[in-house]
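Quick look at final_8.cif (mmCIF, C-alpha atoms):
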data_my_file
loop_
_atom_site.label_atom_id
_atom_site.label_comp_id
_atom_site.auth_asym_id
_atom_site.auth_seq_id
_atom_site.Cartn_x
_atom_site.Cartn_y
_atom_site.Cartn_z
CA MET L 15 -8.78 13.90 4.15
CA SER L 16 -7.06 14.79 7.44
CA LEU L 17 -3.62 15.78 6.16
CA GLN L 18 -2.37 18.81 8.03
CA ILE L 19 0.31 17.42 10.31
CA PRO L 20 3.52 19.50 10.05
CA LYS L 21 6.49 17.59 8.68
CA LYS L 22 8.57 18.48 11.75
CA LEU L 23 6.15 16.46 13.91
CA VAL L 24 6.60 13.21 11.96
CA ASN L 25 9.10 11.81 14.48
CA VAL L 26 6.72 12.51 17.36
CA MET L 27 3.86 10.90 15.46
CA THR L 28 6.08 7.91 14.63
CA PHE L 29 6.66 7.32 18.33
CA CYS L 30 2.91 7.61 19.04
CA CYS L 31 2.09 5.07 16.31
CA LEU L 32 4.77 2.72 17.61
CA MET L 33 3.14 2.71 21.05
CA LYS L 34 -0.20 1.66 19.53
CA PHE L 35 1.11 -1.15 17.28
CA GLU L 36 1.17 -4.74 18.46
CA LYS L 37 4.66 -5.96 19.41
CA ASP L 38 3.94 -9.70 19.22
CA PHE L 39 2.08 -11.16 16.25
CA GLY L 40 1.44 -14.63 17.66
CA LYS L 41 0.62 -14.46 21.38
CA ASN L 42 -3.05 -13.51 21.30
CA ARG L 43 -4.65 -14.22 17.93
CA SER L 44 -8.18 -13.33 19.03
CA LYS L 45 -7.01 -9.89 20.21
CA LEU L 46 -5.04 -9.39 16.98
CA LYS L 47 -8.05 -10.36 14.87
CA GLU L 48 -10.31 -8.04 16.85
CA LYS L 49 -7.90 -5.15 16.31
CA GLN L 50 -7.63 -5.93 12.60
CA ASN L 51 -11.43 -6.01 12.24
CA LYS L 52 -11.77 -2.68 14.04
CA ASN L 53 -9.19 -1.07 11.75
CA ILE L 54 -10.87 -2.51 8.64
CA ARG L 55 -14.18 -0.90 9.65
CA ARG L 56 -12.43 2.41 10.30
CA LEU L 57 -10.61 2.29 6.96
CA MET L 58 -13.71 1.50 4.90
CA LYS L 59 -15.65 4.37 6.51
CA ALA L 60 -12.83 6.77 5.63
CA ALA L 61 -12.51 5.41 2.08
CA TYR L 62 -16.23 5.86 1.41
CA LYS L 63 -15.77 9.65 1.70
CA ILE L 64 -13.22 9.66 -1.14
CA PRO L 65 -14.72 9.87 -4.67
CA PHE L 66 -12.28 7.33 -6.14
CA TYR L 67 -13.31 4.74 -3.56
CA ARG L 68 -16.98 5.76 -3.41
CA GLU L 69 -17.22 4.70 -7.07
CA ARG L 70 -15.70 1.31 -6.18
CA PHE L 71 -18.26 0.82 -3.39
CA ASP L 72 -21.08 1.73 -5.79
CA ARG L 73 -19.71 -0.63 -8.42
CA VAL L 74 -20.42 -3.64 -6.18
CA ASN L 75 -23.52 -2.09 -4.48
CA LEU L 76 -21.97 -2.21 -1.02
CA LYS L 77 -21.51 0.20 1.89
CA PRO L 78 -18.75 0.50 4.54
CA GLU L 79 -20.79 -1.46 7.08
CA ASP L 80 -20.66 -4.48 4.75
CA PHE L 81 -16.93 -4.86 5.49
CA ARG L 82 -16.22 -6.05 9.01
CA CYS L 83 -13.27 -8.44 8.64
CA SER L 84 -10.46 -9.42 6.25
CA GLU L 85 -12.60 -12.11 4.64
CA ASP L 86 -15.18 -9.48 3.60
CA LEU L 87 -12.60 -7.62 1.50
CA VAL L 88 -12.89 -10.31 -1.17
CA ARG L 89 -16.15 -8.59 -2.17
CA PHE L 90 -14.36 -5.29 -2.89
CA PRO L 91 -12.77 -4.55 -6.32
CA VAL L 92 -9.08 -5.40 -6.68
CA LEU L 93 -6.87 -2.32 -7.12
CA THR L 94 -4.35 -2.53 -9.96
CA LYS L 95 -1.11 -0.60 -10.27
CA GLU L 96 -2.44 1.36 -13.25
CA GLU L 97 -5.59 2.34 -11.37
CA LEU L 98 -3.49 3.53 -8.46
CA ARG L 99 -1.18 5.44 -10.80
CA SER L 100 -4.15 7.19 -12.43
CA TRP L 101 -5.69 8.13 -9.07
CA MET L 102 -2.41 9.52 -7.70
CA LYS L 103 -1.95 11.62 -10.84
CA GLU L 104 -5.50 12.93 -10.59
CA LEU L 105 -5.06 13.88 -6.92
CA TYR L 106 -1.89 15.79 -7.70
CA GLU L 107 -3.48 17.74 -10.54
CA LEU L 108 -6.65 18.60 -8.59
CA ASN L 109 -4.96 19.76 -5.36
CA PRO L 110 -2.24 22.35 -6.14
CA ASP L 111 -2.87 24.16 -2.83
CA ARG L 112 -2.54 21.03 -0.65
CA ARG L 113 0.19 18.97 -2.28
CA ASP L 114 3.00 20.75 -0.37
CA SER L 115 1.77 19.12 2.84
CA TRP L 116 1.90 15.64 1.29
CA ASP L 117 4.81 13.25 1.49
CA GLU L 118 5.90 12.12 -1.98
CA THR L 119 7.53 8.75 -2.59
CA SER L 120 8.09 6.53 -5.59
CA THR L 121 8.42 2.83 -6.32
CA SER L 122 11.67 1.54 -7.80
CA GLY L 123 10.08 0.75 -11.15
CA SER L 124 11.47 -2.80 -11.20
CA SER L 125 8.31 -4.06 -12.92
CA GLY L 126 7.99 -1.17 -15.35
CA ILE L 127 7.50 2.59 -14.95
CA PRO L 128 8.07 3.95 -11.41
CA LEU L 129 4.83 4.75 -9.60
CA LYS L 130 4.70 8.15 -7.89
CA LEU L 131 2.84 7.98 -4.58
CA TYR L 132 1.48 10.50 -2.09
CA GLN L 133 0.73 10.06 1.58
CA SER L 134 -0.08 12.27 4.54
CA GLN L 135 2.52 13.00 7.19
CA ARG L 136 0.51 10.84 9.60
CA GLU L 137 0.70 7.93 7.15
CA HIS L 138 4.42 8.58 6.69
CA ALA L 139 4.87 8.32 10.45
CA ALA L 140 2.82 5.11 10.61
CA ALA L 141 4.92 3.55 7.83
CA ASN L 142 8.10 4.43 9.74
CA ALA L 143 6.64 2.97 12.93
CA SER L 144 5.63 -0.21 11.11
CA TRP L 145 9.23 -0.80 10.04
CA ILE L 146 10.66 0.02 13.48
CA ARG L 147 8.09 -2.32 15.05
CA ILE L 148 9.31 -5.16 12.81
CA LEU L 149 12.89 -4.52 13.93
CA MET L 150 11.84 -4.54 17.57
CA SER L 151 9.73 -7.68 17.18
CA PHE L 152 12.79 -9.92 16.78
CA GLY L 153 14.82 -8.22 19.51
CA TYR L 154 16.62 -5.28 17.92
CA ASN L 155 16.69 -2.11 20.04
CA PRO L 156 16.35 0.90 17.69
CA PHE L 157 17.64 3.32 20.34
CA PHE L 158 20.73 1.50 21.60
CA GLY L 159 21.42 -1.05 18.84
CA LYS L 160 23.99 -0.56 16.07
CA MET L 161 22.78 -0.81 12.49
CA VAL L 162 24.33 -0.71 9.03
CA SER L 163 21.70 0.33 6.47
CA PHE L 164 21.56 1.02 2.75
CA GLU L 165 21.82 4.36 1.01
CA SER L 166 18.60 5.73 -0.45
CA SER L 167 17.34 8.93 -2.00
CA TYR L 168 16.90 10.49 1.46
CA ARG L 169 19.78 8.84 3.36
CA SER L 170 23.34 9.21 2.12
CA GLU L 171 26.78 8.12 3.24
CA ALA L 172 28.09 11.70 3.40
CA LYS L 173 28.59 11.73 7.18
CA SER L 174 32.01 10.31 8.08
CA ARG L 175 31.78 10.33 11.89
CA ASP L 176 29.22 9.73 14.62
CA SER L 177 27.27 12.57 16.21
CA VAL L 178 27.60 13.40 19.90
CA VAL L 179 24.40 11.45 20.62
CA GLN L 180 25.67 8.42 18.70
CA LYS L 181 28.97 8.51 20.60
CA LEU L 182 26.86 8.05 23.73
CA GLY L 183 25.49 4.82 22.23
CA ILE L 184 22.09 6.19 21.13
CA LEU L 185 20.60 5.80 17.62
CA GLN L 186 23.83 4.38 16.20
CA ARG L 187 23.61 3.82 12.46
CA ARG L 188 25.99 3.77 9.52
CA ILE L 189 24.84 4.15 5.92
CA LEU L 190 26.65 1.99 3.38
CA SER L 191 26.61 3.14 -0.23
CA GLU L 192 26.16 0.25 -2.64
CA LYS L 193 28.52 2.04 -5.03
CA ARG L 194 31.34 0.88 -2.77
CA CYS L 195 30.39 -2.82 -3.03
CA THR L 196 32.72 -3.46 -5.96
CA GLN L 197 35.83 -5.63 -6.28
CA GLU L 198 38.01 -2.60 -5.50
CA GLY L 199 35.92 -1.28 -2.62
CA MET L 200 34.96 -4.56 -0.95
CA PRO L 201 38.07 -4.92 1.29
CA ASP L 202 37.34 -1.54 2.90
CA VAL L 203 33.64 -2.38 3.28
CA ILE L 204 34.44 -5.66 5.07
CA ARG L 205 37.10 -3.98 7.24
CA GLU L 206 34.60 -1.30 8.32
CA LEU L 207 31.94 -3.91 9.13
CA ASN L 208 34.48 -5.76 11.28
CA GLU L 209 35.47 -2.56 13.10
CA TYR L 210 31.91 -1.25 13.61
CA ARG L 211 30.49 -4.69 14.60
CA PRO L 212 26.80 -3.87 14.01
CA ASP L 213 23.97 -5.75 15.72
CA LEU L 214 21.91 -5.50 12.52
CA ILE L 215 22.85 -5.29 8.84
CA CYS L 216 20.04 -4.16 6.56
CA LEU L 217 21.09 -3.98 2.89
CA ARG L 218 19.58 -4.70 -0.49
CA LYS L 219 19.82 -8.39 -1.30
CA ASN L 220 22.15 -8.06 -4.26
CA CYS L 221 24.55 -5.94 -2.17
CA ILE L 222 24.76 -8.19 0.88
CA VAL L 223 25.13 -11.24 -1.39
CA ARG L 224 28.08 -9.58 -3.16
CA ILE L 225 29.72 -8.91 0.22
CA ALA L 226 29.20 -12.56 1.26
CA LEU L 227 30.60 -13.92 -2.01
CA TYR L 228 33.68 -11.69 -1.87
CA ALA L 229 34.41 -12.77 1.71
CA GLN L 230 34.02 -16.45 0.78
CA GLU L 231 36.10 -16.20 -2.39
CA HIS L 232 38.98 -14.43 -0.61
CA ASN L 233 38.72 -16.39 2.66
CA LEU L 234 38.09 -13.21 4.64
CA SER L 235 36.68 -13.28 8.16
CA ILE L 236 33.64 -11.04 8.53
CA HIS L 237 31.65 -9.93 11.57
CA ARG L 238 28.50 -11.98 12.16
CA PRO L 239 25.71 -9.67 13.37
CA LYS L 240 22.87 -10.86 15.57
CA TRP L 241 20.49 -10.23 12.67
CA TYR L 242 20.66 -9.27 9.00
CA ILE L 243 17.89 -8.37 6.56
CA PRO L 244 18.25 -8.56 2.77
CA VAL L 245 15.66 -6.09 1.46
CA SER L 246 14.07 -5.07 -1.89
CA GLU L 247 14.18 -8.57 -3.40
CA MET L 248 12.85 -12.04 -2.67
CA VAL L 249 15.09 -14.30 -0.57
CA ASP L 250 15.18 -17.77 -2.13
CA GLU L 251 16.81 -20.96 -0.84
CA MET L 252 19.99 -20.31 -2.79
CA THR L 253 20.38 -16.80 -1.34
CA GLN L 254 19.71 -18.09 2.16
CA SER L 255 22.45 -20.72 1.80
CA ILE L 256 25.01 -18.17 0.59
CA LEU L 257 24.25 -15.68 3.35
CA THR L 258 24.18 -18.10 6.27
CA LYS L 259 27.65 -19.36 5.32
CA THR L 260 29.03 -15.86 5.83
CA PHE L 261 26.75 -14.07 8.27
CA GLY L 262 25.41 -16.94 10.38
CA PRO L 263 21.89 -17.95 11.43
CA GLY L 264 20.42 -14.49 12.11
CA LEU L 265 18.61 -14.10 8.76
CA VAL L 266 15.38 -12.08 8.97
CA ASP L 267 13.26 -11.99 5.82
CA ALA L 268 10.96 -8.95 5.73
CA TYR L 269 8.47 -8.26 2.96
CA GLY L 270 6.54 -5.18 1.88
CA CYS L 271 6.27 -2.65 -0.91
CA ASP L 272 6.52 1.11 -1.25
CA GLU L 273 2.77 1.35 -1.73
CA THR L 274 1.73 -0.33 1.53
CA GLY L 275 4.87 -0.39 3.72
CA SER L 276 6.42 -3.34 5.54
CA CYS L 277 3.84 -5.97 6.42
CA VAL L 278 5.32 -9.50 6.55
CA VAL L 279 8.34 -10.87 8.47
CA LYS L 280 10.02 -14.25 8.90
CA TYR L 281 12.27 -14.67 11.95
CA PRO L 282 15.44 -16.78 12.17
CA GLY L 283 14.56 -20.47 12.40
CA ARG L 284 10.87 -19.97 11.55
CA LYS L 285 9.20 -21.92 8.74
CA TYR L 286 6.53 -19.28 8.13
CA TYR L 287 6.09 -15.51 7.90
CA ASP L 288 4.06 -13.48 10.38
CA VAL L 289 1.75 -10.82 8.95
CA CYS L 290 1.47 -7.47 10.75
CA SER L 291 -2.25 -8.10 11.00
CA ASP L 292 -3.10 -5.05 13.11
CA THR L 293 -1.83 -2.68 10.40
CA HIS L 294 -2.30 -4.79 7.25
CA VAL L 295 -4.44 -7.39 5.57
CA VAL L 296 -2.62 -9.85 3.35
CA ASN L 297 -5.21 -11.94 1.51
CA ILE L 298 -4.44 -14.61 -1.05
CA TYR L 299 -6.73 -14.83 -4.10
CA ASP L 300 -6.99 -17.54 -6.74
CA GLU L 301 -7.39 -16.83 -10.47
CA ASN L 302 -11.10 -16.07 -9.87
CA ASN L 303 -10.39 -13.60 -7.05
CA ARG L 304 -11.63 -15.96 -4.37
CA LEU L 305 -9.88 -16.49 -1.03
CA ALA L 306 -7.33 -19.31 -1.26
CA ASP L 307 -4.21 -20.67 0.42
CA ASN L 308 -2.16 -20.35 -2.80
CA GLY L 309 -2.30 -17.54 -5.32
CA LYS L 310 -1.70 -13.82 -5.73
CA MET L 311 -1.02 -11.54 -2.77
CA ILE L 312 -3.62 -8.81 -2.25
CA LEU L 313 -2.52 -6.14 0.25
CA THR L 314 -4.47 -3.60 2.27
CA ALA L 315 -2.74 -1.03 4.48
CA LEU L 316 -5.12 -0.41 7.39
CA TYR L 317 -3.31 2.70 8.66
CA LYS L 318 -3.72 4.52 5.32
CA THR L 319 -7.03 6.33 5.81
CA ASP L 320 -6.00 9.56 4.04
CA PHE L 321 -4.71 7.96 0.82
CA PRO L 322 -6.11 4.43 1.15
CA ILE L 323 -4.57 1.39 -0.53
CA ILE L 324 -7.31 -1.28 -0.44
CA ASN L 325 -7.16 -4.73 -2.06
CA TYR L 326 -3.94 -3.88 -3.93
CA ASP L 327 -2.62 -6.47 -6.37
CA VAL L 328 1.09 -6.14 -5.62
CA GLY L 329 2.01 -8.64 -8.35
CA ASP L 330 3.51 -11.40 -6.17
CA MET L 331 2.40 -14.96 -5.56
CA ALA L 332 2.47 -16.74 -2.21
CA SER L 333 1.40 -19.83 -0.28
CA SER L 334 -0.25 -19.52 3.14
CA PHE L 335 -2.42 -20.98 5.89
CA THR L 336 -4.81 -19.47 8.43
CA CYS L 337 -5.13 -20.11 12.15
CA GLU L 338 -7.95 -18.60 14.22
CA GLY L 339 -8.64 -16.11 11.43
CA ILE L 340 -5.03 -14.89 11.19
CA ARG L 341 -3.15 -15.58 7.96
CA TYR L 342 0.47 -16.77 7.89
CA ILE L 343 2.63 -16.95 4.76
CA THR L 344 4.65 -20.10 4.15
CA LYS L 345 6.39 -19.07 0.93
CA ILE L 346 6.62 -16.00 -1.28
CA HIS L 347 7.06 -17.12 -4.87
CA GLY L 348 7.75 -13.78 -6.54
CA ARG L 349 6.38 -11.69 -9.36
CA LEU L 350 3.34 -12.60 -11.41
CA ASN L 351 4.09 -9.98 -14.07
CA ASP L 352 7.46 -11.47 -15.08
CA THR L 353 6.48 -13.63 -18.05
CA VAL L 354 8.16 -15.55 -20.84
CA HIS L 355 6.98 -14.30 -24.25
CA HIS L 356 6.29 -16.84 -27.00
CA GLU L 357 6.10 -16.33 -30.76
CA ASN L 358 2.45 -17.47 -30.93
CA GLY L 359 1.47 -14.57 -28.67
CA ARG L 360 1.19 -16.68 -25.53
CA GLU L 361 2.85 -15.67 -22.26
CA SER L 362 3.86 -18.07 -19.50
CA SER L 363 4.95 -17.68 -15.89
CA VAL L 364 8.65 -17.66 -14.98
CA LEU L 365 7.93 -19.54 -11.76
CA GLU L 366 9.28 -22.85 -13.08
CA LEU L 367 12.44 -21.14 -14.34
CA ARG L 368 13.01 -19.73 -10.87
CA LYS L 369 12.83 -23.22 -9.39
CA ILE L 370 15.65 -24.61 -11.56
CA PRO L 371 18.59 -23.23 -9.50
CA ASN L 372 17.18 -24.90 -6.38
CA GLY L 373 17.75 -28.30 -7.97
CA ILE L 374 21.56 -28.11 -8.00
CA THR L 375 24.28 -26.62 -5.79
CA GLY L 376 27.29 -24.50 -6.70
CA ILE L 377 25.42 -21.36 -7.81
CA ALA L 378 25.44 -18.05 -5.92
CA GLN L 379 23.43 -15.84 -8.30
CA PHE L 380 21.39 -16.34 -11.45
CA ARG L 381 19.43 -14.34 -13.99
CA TYR L 382 17.53 -15.23 -17.15
CA VAL L 383 17.45 -12.75 -20.05
CA GLN L 384 15.05 -13.40 -22.93
CA ASN L 385 16.37 -11.44 -25.91
CA SER L 386 14.03 -12.81 -28.59
CA PHE L 387 11.30 -15.41 -29.05
CA HIS L 388 14.00 -18.07 -29.43
CA ASP L 389 17.01 -16.78 -27.46
CA LEU L 390 17.35 -17.29 -23.71
CA ARG L 391 20.52 -16.21 -21.92
CA VAL L 392 21.32 -17.78 -18.53
CA GLU L 393 23.71 -15.72 -16.39
CA LEU L 394 25.33 -17.58 -13.49
CA VAL L 395 27.76 -16.79 -10.66
CA ARG L 396 29.58 -19.62 -8.89
CA ASP L 397 29.39 -20.32 -5.21
CA PRO L 398 33.13 -20.17 -4.37
CA GLN L 399 32.76 -22.68 -1.52
CA ASP L 400 30.79 -25.38 -3.37
CA CYS L 401 32.59 -27.39 -6.05
CA THR L 402 30.24 -30.39 -5.98
CA TYR L 403 29.44 -29.90 -9.67
CA THR L 404 31.60 -28.57 -12.49
CA ASP L 405 30.60 -25.62 -14.64
CA SER L 406 29.74 -27.94 -17.53
CA GLN L 407 27.56 -30.14 -15.31
CA ILE L 408 25.65 -27.10 -14.06
CA GLU L 409 25.25 -25.81 -17.62
CA GLN L 410 23.93 -29.18 -18.77
CA PHE L 411 21.49 -29.28 -15.85
CA PHE L 412 20.03 -25.90 -16.85
CA ARG L 413 19.79 -26.85 -20.53
CA GLU L 414 17.98 -30.09 -19.73
CA ARG L 415 15.53 -28.48 -17.35
CA ILE L 416 14.76 -25.64 -19.81
CA ARG L 417 14.26 -28.22 -22.56
CA GLN L 418 11.80 -30.08 -20.32
CA LEU L 419 9.83 -26.86 -19.93
CA TYR L 420 9.90 -25.52 -23.49
CA GLY L 421 11.16 -28.29 -25.76
CA ASP L 422 13.42 -26.90 -28.51
CA GLU L 423 11.81 -23.45 -28.45
CA PHE L 424 14.91 -21.66 -27.14
CA ARG L 425 18.56 -21.44 -28.03
CA VAL L 426 20.08 -21.42 -24.56
CA THR L 427 23.32 -19.52 -23.93
CA VAL L 428 24.96 -19.95 -20.51
CA VAL L 429 27.32 -17.17 -19.39
CA TRP L 430 29.43 -17.32 -16.23
CA MET L 431 30.03 -14.00 -14.50
CA ASP L 432 32.01 -12.77 -11.49
CA VAL L 433 28.94 -10.89 -10.30
CA ILE L 434 25.55 -10.02 -11.79
CA PRO L 435 25.17 -6.22 -11.58
CA PRO L 436 21.90 -4.78 -10.25
CA ASP L 437 19.51 -2.69 -12.30
CA PRO L 438 19.82 1.13 -12.04
CA ASN L 439 17.11 1.08 -9.33
CA GLY L 440 19.35 -1.04 -7.09
CA LYS L 441 17.40 -4.28 -7.50
CA LEU L 442 18.44 -7.45 -9.27
CA ARG L 443 15.63 -9.06 -11.25
CA CYS L 444 16.01 -12.78 -11.83
CA PHE L 445 14.18 -12.58 -15.17
CA VAL L 446 14.47 -9.84 -17.78
CA CYS L 447 12.43 -9.91 -21.01
CA ASN L 448 13.68 -7.73 -23.86
CA VAL L 449 10.99 -8.93 -26.28
CA GLN L 450 8.60 -6.14 -27.25
#
I need this file expressed as structure tokens, please.
Amino acid sequence: MSLQIPKKLVNVMTFCCLMKFEKDFGKNRSKLKEKQNKNIRRLMKAAYKIPFYRERFDRVNLKPEDFRCSEDLVRFPVLTKEELRSWMKELYELNPDRRDSWDETSTSGSSGIPLKLYQSQREHAAANASWIRILMSFGYNPFFGKMVSFESSYRSEAKSRDSVVQKLGILQRRILSEKRCTQEGMPDVIRELNEYRPDLICLRKNCIVRIALYAQEHNLSIHRPKWYIPVSEMVDEMTQSILTKTFGPGLVDAYGCDETGSCVVKYPGRKYYDVCSDTHVVNIYDENNRLADNGKMILTALYKTDFPIINYDVGDMASSFTCEGIRYITKIHGRLNDTVHHENGRESSVLELRKIPNGITGIAQFRYVQNSFHDLRVELVRDPQDCTYTDSQIEQFFRERIRQLYGDEFRVTVVWMDVIPPDPNGKLRCFVCNVQ
């Protein structure tokens, strides 16, 4: 593995990667496909030198030269989260003298135990460049634009004033702590957004939805940025409706995961998502692991040649189409591993439960909590600007639809809330199962 890039050079390497990445995903599909194919061949050659991946090649009796395009990856074993977790742990234990040069990250753990990940500094730089490239692709200028972003483990809200460089209009960014997005703190948050007037707001979905709902409920005027990106969670039709009422038409829906980085983006007004096909492969597999238009999302990060992530089952479902060999996503349906547990030992997808809120208006947030084999709690938050249906009518709608799905299997309790709080990891899961 080629890992020895000093951490202080990551910003320089980020800029170099950014210059190499494609800026337009739709202009020249043949060129994009050619670049993707070249990067697939390079990745598979690098992976073959790594024992973990050499075993996977041997398992299917194939060599790197057998993989020349995204369609060929269907012949390679699918990588599960547990396999990745085991490999990362093994690497850490076997390389005590090299691990200090690695960049360590972790998933949020929204689908279970957080997954600790390692990457080289070069891969870290490429991941940063991939995100910046997405921002630039819809028109945002990362050097002279103004952004409000979310607080994370490595970015805090401690700084109270702009630096000298930022006062000159360069690299302007404010970090907004989600801890402030409460009933008491929301007036100050909205006032600061109005004073700062950012070009781009990039916050976790549950946080930006809470801001929108507070502004609507209290009839507060709020600055409409050119673009805004709800991150960390899936953006459904209900969320889109709530946000556009407050922030306008500039909704950008970006998709990715900690394991592979940002790889899919939907621009304002578009009916489909572009895939960053020069740096990623997003294949869709059916239940038999064959290429399909509808099914589970299988991700490959082409820039990760030091710690490869190949054919990774991220756990989400999607619908798609292909044009001239390039795949486009039409809809991201959400997690496969969120399941309803039944007393007979069977498990069923929550996909149909997720569709229920789209059949009626007047709801801003929802969450299902299964507390036992026969108890299902439905948590709802009202849309303050939509009184088309009463609370009782909405409750009856949910009860009837759940009964259509499961008969009399569940005792349904509907609870109205002012806001549904996020999980400790900052995300808001729409289905929580407490059945062991």
Can you list what the PyMOL selection byres ((chain L and resi 61) around 9) grabs from this structure, as a compact mmCIF listing (two decimals) with C-alpha atoms, in the coordinates of the input?
# COMPACT_ATOMS: atom_id res chain seq x y z
CA ARG L 56 -12.43 2.41 10.30
CA LEU L 57 -10.61 2.29 6.96
CA MET L 58 -13.71 1.50 4.90
CA LYS L 59 -15.65 4.37 6.51
CA ALA L 60 -12.83 6.77 5.63
CA TYR L 62 -16.23 5.86 1.41
CA LYS L 63 -15.77 9.65 1.70
CA ILE L 64 -13.22 9.66 -1.14
CA PRO L 65 -14.72 9.87 -4.67
CA PHE L 66 -12.28 7.33 -6.14
CA TYR L 67 -13.31 4.74 -3.56
CA ARG L 68 -16.98 5.76 -3.41
CA PRO L 78 -18.75 0.50 4.54
CA THR L 319 -7.03 6.33 5.81
CA ASP L 320 -6.00 9.56 4.04
CA PHE L 321 -4.71 7.96 0.82
CA PRO L 322 -6.11 4.43 1.15
CA ILE L 324 -7.31 -1.28 -0.44
Restricting to only C-alpha atoms, whichever of L:His388, L:Tyr403, L:Asn25, L:Ser291 is closest to Lys45 (chain L) is L:Ser291
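Note that the spacing between CA of Met248 (chain L) and CA of Ser386 (chain L) amounts to 26.0 Å.
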Nearest candidate to Gly339 (chain L) (options L:Cys401, L:Val296, L:Leu316, L:Ala141; using only C-alpha atoms): L:Val296
Please provide the set of residues having any atom within 6 Å of region 162-165 of chain L, restricted to all atoms listed in the file, with same-chain residues fewer than 3 positions apart removed, written as an mmCIF file with C-alpha atoms, keeping the file's coordinate frame.
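Result went into around.cif, see below:
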data_model
loop_
_atom_site.group_PDB
_atom_site.id
_atom_site.type_symbol
_atom_site.label_atom_id
_atom_site.label_comp_id
_atom_site.auth_asym_id
_atom_site.auth_seq_id
_atom_site.Cartn_x
_atom_site.Cartn_y
_atom_site.Cartn_z
ATOM 1 C CA ARG L 169 19.780 8.840 3.360
ATOM 2 C CA SER L 170 23.340 9.210 2.120
ATOM 3 C CA ARG L 187 23.610 3.820 12.460
ATOM 4 C CA ARG L 188 25.990 3.770 9.520
ATOM 5 C CA ILE L 189 24.840 4.150 5.920
ATOM 6 C CA LEU L 190 26.650 1.990 3.380
ATOM 7 C CA SER L 191 26.610 3.140 -0.230
ATOM 8 C CA ILE L 215 22.850 -5.290 8.840
ATOM 9 C CA CYS L 216 20.040 -4.160 6.560
ATOM 10 C CA LEU L 217 21.090 -3.980 2.890
#
Apply the PyMOL selection byres ((chain L and resi 192-205) around 9) to the structure shown and report the selected residues as a ChimeraX atom specification. /L:164-165,190-191,206-210,217-218,221-222,224-225,228-229,234-237,440
Expected residue set, 7 Å radius at (16.6, -10.4, -28.1), all atoms listed in the file, as a CSV table (one decimal) with C-alpha atoms, in the coordinates of the input:
chain,number,residue,atom,x,y,z
L,384,GLN,CA,15.0,-13.4,-22.9
L,385,ASN,CA,16.4,-11.4,-25.9
L,386,SER,CA,14.0,-12.8,-28.6
L,389,ASP,CA,17.0,-16.8,-27.5
L,448,ASN,CA,13.7,-7.7,-23.9
L,449,VAL,CA,11.0,-8.9,-26.3
Leaving out Lys130 (chain L) and any residue of its chain fewer than 6 positions from it, which residues lie within 7 Å of it when counting only C-alpha atoms, given as number ranges by chain? L: 119-121
Residue selection dump (C-alpha atoms) as a CSV table (one decimal), in the frame of the given file:
chain,number,residue,atom,x,y,z
L,119,THR,CA,7.5,8.8,-2.6
L,120,SER,CA,8.1,6.5,-5.6
L,121,THR,CA,8.4,2.8,-6.3
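For the atom pair formed by CA of Asp80 (chain L) and CA of Thr344 (chain L), the distance is 29.7 Å, given to one decimal.
Across L:Lys49, L:Arg381, L:Lys77, L:Arg82, the tightest approach to Val364 (chain L) is made by L:Arg381 when counting all atoms listed in the file.
The residue that comes closest to Val354 (chain L), out of L:Leu108, L:Ile323, L:Cys447, L:Val279 and on the basis of only C-alpha atoms, is L:Cys447.
One distance worth recording is that between CA of Leu87 (chain L) and CA of Asn325 (chain L), which is 7.1 Å.
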Using only C-alpha atoms, find all polymer residues with an atom at most 9 Å away from the point (20.8, -5.6, 16.6); report them as a PyMOL selection string. chain L and resi 149+153-156+158-161+212-215+239-242
Find, counting all atoms listed in the file, the residue in L:Lys219, L:Arg368, L:His347, L:Arg417 that gets nearest to Leu442 (chain L). L:Lys219
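Shortest separation to Thr427 (chain L) among L:Arg391, L:Arg113, L:Lys345, L:Lys318 occurs at residue L:Arg391, atoms counted being all atoms listed in the file.
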For Lys95 (chain L), work out the shell of residues within 8 Å, counting all atoms listed in the file and skipping chain neighbours fewer than 2 positions away, then give it as a ChimeraX atom specification. /L:93,97-99,326-328
Run the PyMOL selection byres ((chain L and resi 283) around 10) mentally over the shown coordinates, then write out the matched residues as a list in words, using the chain letters and numbers from the document. Pro263, Gly264, Leu265, Val266, Lys280, Tyr281, Pro282, Arg284, Lys285 and Tyr286 of chain L
Close residues, Lys34 (chain L) itself excluded, 12 Å, all atoms listed in the file, min 3 positions apart in chain, as JSON, numbers by chain: {"L": [27, 28, 29, 30, 31, 37, 49, 140, 143, 144, 147, 292, 293, 317]}
With a distance cut-off of 10 Å and all atoms listed in the file, select the neighbouring residues of Val295 (chain L), excluding the residue or stretch itself and same-chain residues fewer than 2 positions from it, and output the selection as a list in words. Gln50, Asn51, Ile54, Cys83, Ser84, Glu85, Leu87, Cys277, Val289, Cys290, Ser291, Asp292, Thr293, Asn297, Ile298, Met311, Ile312, Leu313, Thr314, Ala315, Leu316, Ile324, Asn325, Ile340 and Arg341 of chain L
